[in-house]
$ cat query14.tsv   # TSV, C-alpha atoms (C1' of nucleotides)
chain	number	residue	atom	x	y	z
M	56	MET	CA	0.00	0.00	0.00
M	57	PHE	CA	2.72	2.43	0.93
M	58	SER	CA	5.86	2.19	-1.12
M	59	GLN	CA	9.21	1.11	0.19
M	60	THR	CA	10.53	4.56	-0.58
M	61	VAL	CA	7.98	6.14	1.73
M	62	GLU	CA	9.00	3.80	4.51
M	63	TYR	CA	12.65	4.71	4.03
M	64	ALA	CA	11.96	8.44	3.94
M	65	LEU	CA	9.96	8.29	7.14
M	66	ARG	CA	12.61	6.30	8.95
M	67	ALA	CA	15.20	8.83	7.87
M	68	VAL	CA	13.34	11.89	9.07
M	69	VAL	CA	12.41	10.22	12.33
M	70	TYR	CA	16.05	9.51	12.91
M	71	LEU	CA	17.06	13.05	11.97
M	72	ALA	CA	14.47	14.42	14.36
M	73	GLY	CA	16.43	12.75	17.12
M	74	GLU	CA	19.75	14.15	15.98
M	75	LYS	CA	19.74	17.56	17.56
M	76	ASP	CA	23.42	18.31	17.25
M	77	GLY	CA	24.68	18.92	13.77
M	78	PRO	CA	24.11	17.10	10.51
M	79	ALA	CA	24.41	13.35	10.17
M	80	SER	CA	26.10	11.69	7.23
M	81	THR	CA	23.91	9.61	4.97
M	82	ALA	CA	26.04	6.62	5.89
M	83	ALA	CA	25.21	7.14	9.54
M	84	VAL	CA	21.52	7.47	8.77
M	85	ALA	CA	21.67	4.37	6.63
M	86	VAL	CA	23.16	2.31	9.41
M	87	ALA	CA	20.73	3.59	11.99
M	88	THR	CA	17.66	3.09	9.85
M	89	ARG	CA	18.85	-0.03	8.04
M	90	VAL	CA	18.14	1.44	4.67
M	91	PRO	CA	20.37	0.51	1.71
M	92	PRO	CA	22.93	3.35	1.77
M	93	ALA	CA	23.06	3.99	-1.96
M	94	TYR	CA	19.32	4.15	-2.22
M	95	LEU	CA	18.93	6.24	0.89
M	96	ALA	CA	21.11	8.85	-0.78
M	97	LYS	CA	18.53	9.11	-3.54
M	98	VAL	CA	15.64	9.33	-1.14
M	99	LEU	CA	17.39	12.06	0.81
M	100	GLN	CA	17.95	13.98	-2.39
M	101	SER	CA	14.19	14.01	-2.91
M	102	LEU	CA	13.72	15.31	0.60
M	103	VAL	CA	16.31	18.00	-0.03
M	104	LYS	CA	14.55	19.09	-3.20
M	105	ALA	CA	11.30	19.28	-1.27
M	106	GLY	CA	12.96	21.49	1.31
M	107	ILE	CA	12.37	19.04	4.13
M	108	VAL	CA	15.98	18.32	4.93
M	109	HIS	CA	19.03	20.46	4.42
M	110	ALA	CA	22.29	19.03	3.08
M	111	ARG	CA	25.77	20.32	3.68
M	112	ARG	CA	28.74	18.99	1.77
M	113	GLY	CA	32.31	18.63	2.86
M	114	VAL	CA	33.94	17.54	6.06
M	115	GLY	CA	31.54	17.55	8.97
M	116	GLY	CA	28.67	17.84	6.55
M	117	GLY	CA	25.63	15.67	6.22
M	118	VAL	CA	21.89	16.07	6.29
M	119	ALA	CA	19.64	17.63	8.90
M	120	LEU	CA	15.99	18.57	9.18
M	121	ALA	CA	15.21	21.93	7.65
M	122	LYS	CA	12.22	22.53	9.89
M	123	ALA	CA	11.40	21.90	13.50
M	124	PRO	CA	9.78	18.50	14.06
M	125	THR	CA	6.72	20.29	15.38
M	126	GLU	CA	6.27	21.93	11.99
M	127	LEU	CA	6.88	18.90	9.83
M	128	THR	CA	3.98	16.58	9.04
M	129	ILE	CA	4.13	13.03	7.84
M	130	LEU	CA	2.15	14.10	4.80
M	131	GLU	CA	4.91	16.45	3.70
M	132	VAL	CA	7.44	13.65	3.85
M	133	VAL	CA	5.19	11.21	2.02
M	134	ASN	CA	4.32	13.69	-0.69
M	135	ALA	CA	7.97	14.53	-1.20
M	136	VAL	CA	8.90	11.02	-2.26
M	137	ASP	CA	5.66	9.37	-3.38
M	138	PRO	CA	2.76	11.80	-3.49
M	139	ILE	CA	-0.70	10.68	-2.50
M	140	GLN	CA	-2.68	10.98	-5.71
M	141	ARG	CA	-6.22	11.98	-4.97
M	142	ILE	CA	-8.81	10.97	-7.55
M	143	LYS	CA	-9.92	14.21	-9.10
M	144	THR	CA	-11.33	13.05	-12.40
M	145	CYS	CA	-12.81	9.87	-13.74
M	146	PRO	CA	-10.02	7.37	-14.43
M	147	LEU	CA	-11.76	6.35	-17.62
M	148	ASP	CA	-10.32	8.55	-20.27
M	149	LEU	CA	-13.60	10.10	-21.17
M	150	ALA	CA	-14.18	12.80	-18.60
M	151	SER	CA	-17.85	12.88	-19.40
M	152	HIS	CA	-19.11	14.33	-16.18
M	153	GLY	CA	-16.43	16.83	-15.43
M	154	THR	CA	-15.41	16.89	-11.84
M	155	ARG	CA	-18.14	14.67	-10.54
M	156	LEU	CA	-16.98	11.18	-9.66
M	157	CYS	CA	-19.04	8.05	-9.92
M	158	PRO	CA	-20.01	6.34	-6.66
M	159	LEU	CA	-17.15	3.88	-6.91
M	160	HIS	CA	-14.40	6.42	-7.30
M	161	LYS	CA	-16.02	8.75	-4.86
M	162	ARG	CA	-15.53	6.09	-2.22
M	163	LEU	CA	-11.99	5.30	-3.26
M	164	ASP	CA	-11.11	8.96	-3.11
M	165	ALA	CA	-12.77	9.25	0.27
M	166	ALA	CA	-10.45	6.55	1.56
M	167	LEU	CA	-7.49	8.43	0.18
M	168	ALA	CA	-8.79	11.57	1.84
M	169	THR	CA	-8.85	9.94	5.27
M	170	VAL	CA	-5.28	8.80	4.86
M	171	GLU	CA	-4.23	12.21	3.69
M	172	ALA	CA	-5.96	13.86	6.61
M	173	ALA	CA	-4.39	11.50	9.11
M	174	PHE	CA	-0.96	12.23	7.72
M	175	ARG	CA	-1.53	15.94	7.55
M	176	GLY	CA	-2.55	15.94	11.18
M	177	THR	CA	0.51	14.16	12.46
M	178	THR	CA	3.76	15.97	13.05
M	179	LEU	CA	7.13	14.36	13.42
M	180	ALA	CA	7.32	15.71	16.95
M	181	GLU	CA	4.25	13.74	17.90
M	182	VAL	CA	5.77	10.60	16.55
M	183	VAL	CA	9.06	10.87	18.34
M	184	ALA	CA	7.53	12.16	21.57
M	185	GLU	CA	4.86	9.51	21.83
M	186	PRO	CA	4.89	7.99	25.30
M	187	SER	CA	5.67	4.44	24.41
M	188	ARG	CA	7.94	1.65	25.40
M	189	SER	CA	9.24	1.34	21.87
M	190	LYS	CA	11.46	3.97	20.44
M	191	PRO	CA	10.21	5.45	17.19
M	192	LEU	CA	12.69	3.57	15.08
M	193	CYS	CA	11.76	0.34	16.76
M	194	ASP	CA	14.88	0.62	18.89
M	195	VAL	CA	17.25	0.36	16.10
M	196	PRO	CA	20.95	-0.02	16.35
M	197	VAL	CA	21.90	-1.22	19.76
M	198	GLN	CA	24.75	-3.02	18.21
M	199	PRO	CA	26.23	-1.25	15.23
M	200	LEU	CA	25.18	-3.83	12.76
M	201	LYS	CA	28.50	-5.43	12.07
M	202	VAL	CA	29.79	-3.63	9.01
M	203	ARG	CA	30.15	-6.20	6.33
M	204	GLY	CA	33.54	-6.50	4.74
M	205	PRO	CA	35.15	-4.00	2.39
M	206	ASP	CA	32.52	-4.59	-0.21
M	207	ARG	CA	31.38	-8.01	-1.11
M	208	LYS	CA	29.81	-7.79	-4.47
M	209	GLN	CA	27.53	-10.70	-4.61
M	210	ASN	CA	28.64	-12.68	-7.57
M	211	THR	CA	27.77	-15.89	-5.88
M	212	GLU	CA	29.36	-18.10	-8.41
M	213	GLY	CA	32.52	-17.81	-10.40
M	214	VAL	CA	35.45	-15.72	-9.49
M	215	PHE	CA	35.78	-12.23	-10.80
K	227	MET	CA	-1.73	4.33	-3.84
K	228	PHE	CA	-4.07	1.72	-5.19
K	229	SER	CA	-2.69	-0.38	-7.99
K	230	GLN	CA	-3.94	-0.37	-11.53
K	231	THR	CA	-4.99	-3.98	-11.07
K	232	VAL	CA	-7.30	-3.02	-8.22
K	233	GLU	CA	-8.91	-0.37	-10.37
K	234	TYR	CA	-9.51	-2.89	-13.14
K	235	ALA	CA	-10.93	-5.50	-10.80
K	236	LEU	CA	-13.36	-3.04	-9.29
K	237	ARG	CA	-14.53	-1.82	-12.65
K	238	ALA	CA	-15.14	-5.40	-13.71
K	239	VAL	CA	-17.22	-6.39	-10.70
K	240	VAL	CA	-19.21	-3.19	-10.86
K	241	TYR	CA	-20.03	-3.97	-14.44
K	242	LEU	CA	-20.91	-7.56	-13.64
K	243	ALA	CA	-23.17	-6.39	-10.85
K	244	GLY	CA	-25.24	-4.70	-13.50
K	245	GLU	CA	-25.39	-7.74	-15.72
K	246	LYS	CA	-28.29	-9.61	-14.23
K	247	ASP	CA	-28.96	-11.96	-17.10
K	248	GLY	CA	-26.36	-14.60	-17.71
K	249	PRO	CA	-22.60	-14.47	-17.86
K	250	ALA	CA	-20.73	-11.87	-19.86
K	251	SER	CA	-17.68	-12.68	-21.95
K	252	THR	CA	-14.40	-11.17	-20.87
K	253	ALA	CA	-14.26	-9.36	-24.18
K	254	ALA	CA	-17.58	-7.71	-23.43
K	255	VAL	CA	-16.42	-6.71	-19.96
K	256	ALA	CA	-13.19	-5.36	-21.41
K	257	VAL	CA	-15.00	-3.12	-23.84
K	258	ALA	CA	-17.44	-1.86	-21.25
K	259	THR	CA	-14.81	-1.14	-18.64
K	260	ARG	CA	-12.06	-0.06	-21.02
K	261	VAL	CA	-9.58	-2.45	-19.54
K	262	PRO	CA	-6.94	-4.08	-21.79
K	263	PRO	CA	-8.69	-7.34	-22.73
K	264	ALA	CA	-5.69	-9.63	-22.33
K	265	TYR	CA	-4.87	-8.24	-18.93
K	266	LEU	CA	-8.46	-8.25	-17.80
K	267	ALA	CA	-8.49	-11.99	-18.41
K	268	LYS	CA	-5.71	-12.35	-15.86
K	269	VAL	CA	-7.46	-10.14	-13.34
K	270	LEU	CA	-10.66	-12.10	-13.74
K	271	GLN	CA	-8.76	-15.31	-13.15
K	272	SER	CA	-7.67	-13.95	-9.78
K	273	LEU	CA	-11.26	-13.11	-8.97
K	274	VAL	CA	-12.31	-16.61	-9.96
K	275	LYS	CA	-9.68	-18.15	-7.71
K	276	ALA	CA	-10.92	-15.97	-4.87
K	277	GLY	CA	-14.46	-17.21	-5.47
K	278	ILE	CA	-15.78	-13.76	-6.25
K	279	VAL	CA	-16.80	-14.42	-9.81
K	280	HIS	CA	-17.76	-17.63	-11.47
K	281	ALA	CA	-16.53	-18.60	-14.94
K	282	ARG	CA	-18.24	-20.86	-17.41
K	283	ARG	CA	-16.50	-22.05	-20.50
K	284	GLY	CA	-17.92	-22.88	-23.86
K	285	VAL	CA	-20.56	-21.32	-26.00
K	286	GLY	CA	-22.72	-18.91	-24.07
K	287	GLY	CA	-20.18	-18.91	-21.28
K	288	GLY	CA	-18.42	-16.03	-19.63
K	289	VAL	CA	-18.02	-14.65	-16.15
K	290	ALA	CA	-20.61	-13.65	-13.59
K	291	LEU	CA	-20.67	-12.65	-9.97
K	292	ALA	CA	-20.63	-15.61	-7.62
K	293	LYS	CA	-22.39	-13.72	-4.83
K	294	ALA	CA	-25.16	-11.20	-4.62
K	295	PRO	CA	-23.90	-7.63	-4.81
K	296	THR	CA	-25.35	-7.06	-1.35
K	297	GLU	CA	-22.98	-9.69	0.01
K	298	LEU	CA	-19.85	-8.62	-1.82
K	299	THR	CA	-17.67	-5.93	-0.28
K	300	ILE	CA	-15.09	-3.80	-1.98
K	301	LEU	CA	-12.54	-5.17	0.43
K	302	GLU	CA	-13.02	-8.70	-0.85
K	303	VAL	CA	-12.36	-7.58	-4.38
K	304	VAL	CA	-9.32	-5.56	-3.43
K	305	ASN	CA	-7.85	-8.35	-1.35
K	306	ALA	CA	-8.36	-10.83	-4.15
K	307	VAL	CA	-6.06	-9.02	-6.52
K	308	ASP	CA	-3.81	-6.84	-4.37
K	309	PRO	CA	-4.27	-7.48	-0.67
K	310	ILE	CA	-4.09	-4.64	1.80
K	311	GLN	CA	-1.05	-5.44	3.88
K	312	ARG	CA	-1.55	-4.38	7.42
K	313	ILE	CA	1.63	-3.67	9.38
K	314	LYS	CA	1.75	-6.39	11.96
K	315	THR	CA	5.42	-6.44	12.89
K	316	CYS	CA	8.23	-3.97	12.82
K	317	PRO	CA	9.45	-3.52	9.24
K	318	LEU	CA	13.01	-3.45	10.51
K	319	ASP	CA	14.27	-6.95	10.40
K	320	LEU	CA	14.89	-7.20	14.08
K	321	ALA	CA	11.53	-7.96	15.64
K	322	SER	CA	12.77	-6.78	18.98
K	323	HIS	CA	9.49	-5.87	20.56
K	324	GLY	CA	7.29	-8.59	19.27
K	325	THR	CA	3.90	-7.42	18.21
K	326	ARG	CA	4.18	-3.91	19.57
K	327	LEU	CA	4.71	-1.30	16.90
K	328	CYS	CA	6.65	1.89	17.30
K	329	PRO	CA	4.67	5.15	17.17
K	330	LEU	CA	5.50	5.69	13.53
K	331	HIS	CA	4.28	2.36	12.28
K	332	LYS	CA	1.35	2.39	14.63
K	333	ARG	CA	0.11	5.44	12.81
K	334	LEU	CA	0.80	4.04	9.37
K	335	ASP	CA	-1.08	0.91	10.26
K	336	ALA	CA	-3.92	2.97	11.67
K	337	ALA	CA	-4.26	4.64	8.30
K	338	LEU	CA	-4.37	1.26	6.62
K	339	ALA	CA	-6.99	0.18	9.11
K	340	THR	CA	-9.29	3.04	8.22
K	341	VAL	CA	-9.04	2.19	4.55
K	342	GLU	CA	-9.66	-1.45	5.26
K	343	ALA	CA	-12.67	-0.62	7.39
K	344	ALA	CA	-14.11	1.68	4.76
K	345	PHE	CA	-13.76	-1.02	2.13
K	346	ARG	CA	-15.13	-3.71	4.37
K	347	GLY	CA	-18.17	-1.61	5.06
K	348	THR	CA	-19.05	-0.96	1.46
K	349	THR	CA	-20.90	-3.52	-0.61
K	350	LEU	CA	-21.09	-3.57	-4.35
K	351	ALA	CA	-24.83	-3.07	-4.11
K	352	GLU	CA	-24.30	0.24	-2.35
K	353	VAL	CA	-21.99	1.37	-5.07
K	354	VAL	CA	-24.26	0.56	-7.96
K	355	ALA	CA	-27.41	1.72	-6.20
K	356	GLU	CA	-26.06	5.06	-5.08
K	357	PRO	CA	-28.47	7.80	-6.03
K	358	SER	CA	-26.27	9.80	-8.30
K	359	ARG	CA	-26.29	11.43	-11.67
K	360	SER	CA	-23.26	9.46	-12.73
K	361	LYS	CA	-23.52	5.80	-13.39
K	362	PRO	CA	-21.08	3.69	-11.40
K	363	LEU	CA	-18.81	3.10	-14.33
K	364	CYS	CA	-18.78	6.77	-15.11
K	365	ASP	CA	-21.33	6.13	-17.83
K	366	VAL	CA	-19.16	3.99	-19.90
K	367	PRO	CA	-19.80	2.90	-23.40
K	368	VAL	CA	-22.64	4.76	-24.96
K	369	GLN	CA	-20.66	4.81	-28.11
K	370	PRO	CA	-18.31	1.95	-28.65
K	371	LEU	CA	-15.19	3.73	-27.82
K	372	LYS	CA	-13.88	5.36	-30.95
K	373	VAL	CA	-10.50	3.73	-31.10
K	374	ARG	CA	-8.13	6.49	-30.25
K	375	GLY	CA	-5.22	7.08	-32.60
K	376	PRO	CA	-2.15	4.89	-33.06
K	377	ASP	CA	-2.03	4.19	-29.39
K	378	ARG	CA	-2.27	6.87	-26.83
K	379	LYS	CA	-0.22	6.43	-23.73
K	380	GLN	CA	-3.09	5.97	-21.41
K	381	ASN	CA	-3.50	7.17	-17.94
K	382	THR	CA	-0.21	8.85	-17.26
K	383	GLU	CA	-0.72	8.48	-13.55
K	384	GLY	CA	-0.15	4.99	-12.38
K	385	VAL	CA	-2.89	5.28	-9.84
K	386	PHE	CA	-6.34	6.51	-10.36
D	75	DA	C1'	47.15	24.85	-1.77
D	76	DG	C1'	46.46	20.13	-0.91
D	77	DA	C1'	44.10	16.32	1.40
D	78	DT	C1'	39.93	14.60	3.02
D	79	DA	C1'	35.02	14.01	3.82
D	80	DT	C1'	30.80	14.37	2.08
D	81	DT	C1'	26.73	15.27	-1.02
D	82	DC	C1'	25.29	15.51	-6.00
D	83	DG	C1'	23.76	13.49	-10.25
D	84	DG	C1'	23.98	10.50	-14.02
D	85	DA	C1'	24.43	5.63	-15.79
D	86	DT	C1'	23.30	1.19	-14.96
D	87	DA	C1'	21.43	-3.20	-13.10
D	88	DC	C1'	17.64	-5.74	-11.14
D	89	DA	C1'	12.87	-7.02	-9.62
D	90	DC	C1'	8.23	-6.81	-9.95
D	91	DA	C1'	3.80	-4.98	-11.72
D	92	DT	C1'	1.64	-4.40	-15.93
D	93	DA	C1'	0.35	-5.99	-20.43
D	94	DT	C1'	0.30	-9.12	-24.57
D	95	DC	C1'	0.11	-13.43	-27.09
D	96	DC	C1'	-1.00	-18.07	-28.15
D	97	DG	C1'	-1.88	-22.85	-27.61
D	98	DA	C1'	-4.56	-26.00	-24.54
D	99	DT	C1'	-8.75	-27.02	-22.44
D	100	DT	C1'	-13.56	-27.10	-21.70
D	101	DA	C1'	-18.43	-26.90	-22.80
D	102	DC	C1'	-22.28	-26.37	-25.70
D	103	DA	C1'	-24.80	-26.89	-30.38
D	104	DC	C1'	-25.62	-29.45	-34.29
A	142	DG	C1'	-18.52	-37.09	-33.01
A	143	DT	C1'	-17.36	-32.45	-35.03
A	144	DG	C1'	-17.26	-27.50	-34.89
A	145	DT	C1'	-17.39	-23.38	-32.36
A	146	DA	C1'	-17.18	-20.23	-28.44
A	147	DA	C1'	-15.20	-19.25	-24.53
A	148	DT	C1'	-11.97	-19.59	-20.38
A	149	DC	C1'	-7.37	-21.39	-18.69
A	150	DG	C1'	-2.50	-21.05	-18.08
A	151	DG	C1'	2.11	-20.58	-19.46
A	152	DA	C1'	5.66	-17.85	-22.03
A	153	DT	C1'	6.97	-13.51	-23.10
A	154	DA	C1'	7.37	-8.36	-23.67
A	155	DT	C1'	7.34	-3.68	-21.48
A	156	DG	C1'	7.43	-0.23	-17.97
A	157	DT	C1'	8.31	1.50	-13.51
A	158	DG	C1'	9.98	1.24	-8.77
A	159	DT	C1'	13.96	-0.29	-6.32
A	160	DA	C1'	18.85	-0.51	-5.70
A	161	DT	C1'	23.90	0.01	-6.87
A	162	DC	C1'	28.01	2.27	-8.54
A	163	DC	C1'	31.12	5.85	-9.64
A	164	DG	C1'	32.92	10.17	-10.97
A	165	DA	C1'	32.13	15.23	-10.22
A	166	DA	C1'	31.32	18.96	-7.20
A	167	DT	C1'	31.78	21.13	-2.81
A	168	DA	C1'	33.21	22.29	1.79
A	169	DT	C1'	36.36	21.81	5.72
A	170	DC	C1'	40.86	21.01	7.93
A	171	DT	C1'	45.84	21.16	8.09
$ encode --input "query14.tsv" --output "structure tokens"
Amino acid sequence: MFSQTVEYALRAVVYLAGEKDGPASTAAVAVATRVPPAYLAKVLQSLVKAGIVHARRGVGGGVALAKAPTELTILEVVNAVDPIQRIKTCPLDLASHGTRLCPLHKRLDAALATVEAAFRGTTLAEVVAEPSRSKPLCDVPVQPLKVRGPDRKQNTEGVF
Amino acid sequence: MFSQTVEYALRAVVYLAGEKDGPASTAAVAVATRVPPAYLAKVLQSLVKAGIVHARRGVGGGVALAKAPTELTILEVVNAVDPIQRIKTCPLDLASHGTRLCPLHKRLDAALATVEAAFRGTTLAEVVAEPSRSKPLCDVPVQPLKVRGPDRKQNTEGVF
DNA sequence: AGATATTCGGATACACATATCCGATTACAC
DNA sequence: GTGTAATCGGATATGTGTATCCGAATATCT
């Protein structure tokens, strides 16, 4: 239902919301959130373009939230990487009755609307501050995830 | 958000709900719903496997609803072709806190739950009977669909 | 200025959803 | 039985989301 990319983006911003002091490198975020590093870089680029996170290059650089967690909604993050497409016109190519939707698509769009509303009404701050036993990232990296070797490219068979 | 396949499946069952007399051939359904005929056949097969529609081969055969529209919910149709995946465990591989979800995923799953509930609570009969100007299939094939040019890229948005 | 750490952005590979095609199978009509 | 209409099911294309890699650009530190 929600794409993998959305999941990754949300994990990243949740993690960044907890990093108060200075930017975090994408590699650090990747380890903490267990997102494939190379792909996370792409996702973060989308978030940068959307103005949600701010990136700084060079030594000591990294990415950080551009807004306060209290001002950042889940909807903004979702829409930055995989926008929720509301049903505005009839999906059948002939737009015979203008903006009016048939009963079927009216209901589908209503479902989308509830999701959109729920996401719009939830800020990152609420997520990270929620009084719960479980940390927002599902208590992630107690042990630093044993960095796999230099770089095992997975050509299972045959030498290189 | 919802896959193309879901859209096709819903169009098909809505159409079949209006076909009271005898089965309709997949070709007929394809024309009426404007779904690619070859692909619709696959979608219908899924619905057959799920016991939602009944198929009869041979002359005069075709597909028909297996249940009364009053007994068939949108959720059943959706789950037959592209099941709504509720978030039951932490998406991070380490299932450290069993069934308890972190605040983030609790909210995502809550959104899924509302969609699921909305779909479970809507029967096909309600959709086709809705007092509305627009017919459920967005008044489909008054004229037999003037074959658009060479082949238009249809429906630029993946979703509906 | 040079070395280093880091993001940026394009090229590429891979997997899966979407879509098409065709022969096999089944059922009815004659 | 034979012919015909229709689904069934596998093989195959195509497109898009997912994921990887690497060089270029940029900023900091010595």
$ interface_residues --input "query14.tsv" --of "chain M" --to "chain A" --cutoff "6 Å" --atoms "all atoms listed in the file" --output "list in words"
Tyr94, Arg112, Gly113 and Val114 of chain M
$ write_last_selection --input "query14.tsv" --atoms "C-alpha atoms" --output "PDB file, in the coordinates of the input"
ATOM      1  CA  TYR M  94      19.320   4.150  -2.220  1.00  0.00           C
ATOM      2  CA  ARG M 112      28.740  18.990   1.770  1.00  0.00           C
ATOM      3  CA  GLY M 113      32.310  18.630   2.860  1.00  0.00           C
ATOM      4  CA  VAL M 114      33.940  17.540   6.060  1.00  0.00           C
TER       5      VAL M 114
END
$ atom_distance --input "query14.tsv" --atom1 "atom CA of M:Gly115" --atom2 "atom CA of M:Val183"
25.3 Å
$ closest_residue --input "query14.tsv" --among "K:Leu350, K:Ala343, K:Ala276, K:Cys328" --to "M:Arg66" --atoms "all atoms listed in the file"
K:Cys328
$ residues_around --input "query14.tsv" --residues "K:Tyr241" --least-positions-apart "2" --cutoff "8 Å" --atoms "all atoms listed in the file" --output "list in words"
Arg237, Ala238, Val239, Ala243, Gly244, Glu245, Val255, Ala258, Thr259 and Leu363 of chain K
$ residues_around --input "query14.tsv" --residues "stretch 123-129 of chain M" --least-positions-apart "5" --cutoff "6 Å" --atoms "only C-alpha atoms (C1' of nucleotides)" --output "number ranges by chain"
M: 174-175, 177-180
$ closest_residue --input "query14.tsv" --among "M:Leu156, M:Ala96, M:Leu163, M:Leu120" --to "chain D" --atoms "all atoms listed in the file"
M:Ala96
$ residues_around --input "query14.tsv" --residues "K:Asn305" --least-positions-apart "6" --cutoff "10 Å" --atoms "only C-alpha atoms (C1' of nucleotides)" --output "PyMOL selection string"
chain K and resi 232+273+276+311+342
$ closest_residue --input "query14.tsv" --among "D:DC95, D:DC82, D:DC102, D:DA87" --to "chain K" --atoms "only C-alpha atoms (C1' of nucleotides)"
D:DC102
$ atom_distance --input "query14.tsv" --atom1 "atom CA of M:Ala83" --atom2 "atom CA of M:Ser101"
18.0 Å
$ atom_distance --input "query14.tsv" --atom1 "atom CA of K:Val303" --atom2 "atom CA of K:Thr252"
17.0 Å
$ residues_near_point --input "query14.tsv" --point "(-5.1, -3.4, -3.0)" --cutoff "12 Å" --atoms "only C-alpha atoms (C1' of nucleotides)" --output "PDB file with C-alpha atoms, in the frame of the given file"
ATOM      1  CA  MET M  56       0.000   0.000   0.000  1.00  0.00           C
ATOM      2  CA  PHE M  57       2.720   2.430   0.930  1.00  0.00           C
ATOM      3  CA  LEU M 163     -11.990   5.300  -3.260  1.00  0.00           C
TER       4      LEU M 163
ATOM      5  CA  MET K 227      -1.730   4.330  -3.840  1.00  0.00           C
ATOM      6  CA  PHE K 228      -4.070   1.720  -5.190  1.00  0.00           C
ATOM      7  CA  SER K 229      -2.690  -0.380  -7.990  1.00  0.00           C
ATOM      8  CA  GLN K 230      -3.940  -0.370 -11.530  1.00  0.00           C
ATOM      9  CA  THR K 231      -4.990  -3.980 -11.070  1.00  0.00           C
ATOM     10  CA  VAL K 232      -7.300  -3.020  -8.220  1.00  0.00           C
ATOM     11  CA  GLU K 233      -8.910  -0.370 -10.370  1.00  0.00           C
ATOM     12  CA  TYR K 234      -9.510  -2.890 -13.140  1.00  0.00           C
ATOM     13  CA  ALA K 235     -10.930  -5.500 -10.800  1.00  0.00           C
ATOM     14  CA  LEU K 236     -13.360  -3.040  -9.290  1.00  0.00           C
ATOM     15  CA  ILE K 300     -15.090  -3.800  -1.980  1.00  0.00           C
ATOM     16  CA  LEU K 301     -12.540  -5.170   0.430  1.00  0.00           C
ATOM     17  CA  GLU K 302     -13.020  -8.700  -0.850  1.00  0.00           C
ATOM     18  CA  VAL K 303     -12.360  -7.580  -4.380  1.00  0.00           C
ATOM     19  CA  VAL K 304      -9.320  -5.560  -3.430  1.00  0.00           C
ATOM     20  CA  ASN K 305      -7.850  -8.350  -1.350  1.00  0.00           C
ATOM     21  CA  ALA K 306      -8.360 -10.830  -4.150  1.00  0.00           C
ATOM     22  CA  VAL K 307      -6.060  -9.020  -6.520  1.00  0.00           C
ATOM     23  CA  ASP K 308      -3.810  -6.840  -4.370  1.00  0.00           C
ATOM     24  CA  PRO K 309      -4.270  -7.480  -0.670  1.00  0.00           C
ATOM     25  CA  ILE K 310      -4.090  -4.640   1.800  1.00  0.00           C
ATOM     26  CA  GLN K 311      -1.050  -5.440   3.880  1.00  0.00           C
ATOM     27  CA  ARG K 312      -1.550  -4.380   7.420  1.00  0.00           C
ATOM     28  CA  LEU K 338      -4.370   1.260   6.620  1.00  0.00           C
ATOM     29  CA  VAL K 341      -9.040   2.190   4.550  1.00  0.00           C
ATOM     30  CA  GLU K 342      -9.660  -1.450   5.260  1.00  0.00           C
ATOM     31  CA  PHE K 345     -13.760  -1.020   2.130  1.00  0.00           C
ATOM     32  CA  VAL K 385      -2.890   5.280  -9.840  1.00  0.00           C
TER      33      VAL K 385
END
$ interface_residues --input "query14.tsv" --of "chain D" --to "chain K" --cutoff "7 Å" --atoms "only C-alpha atoms (C1' of nucleotides)" --output "PyMOL selection string"
chain D and resi 93-94+100-102
$ axis_aligned_box --input "query14.tsv" --around "stretch 238-254 of chain K" --padding-each-side "5 Å" --output "AutoDock Vina command-line options"
--center_x -21.6 --center_y -8.9 --center_z -17.4 --size_x 24.7 --size_y 21.4 --size_z 23.5
$ closest_residue --input "query14.tsv" --among "M:Lys122, M:His109, M:Arg162, M:Lys104" --to "chain K" --atoms "all atoms listed in the file"
M:Arg162
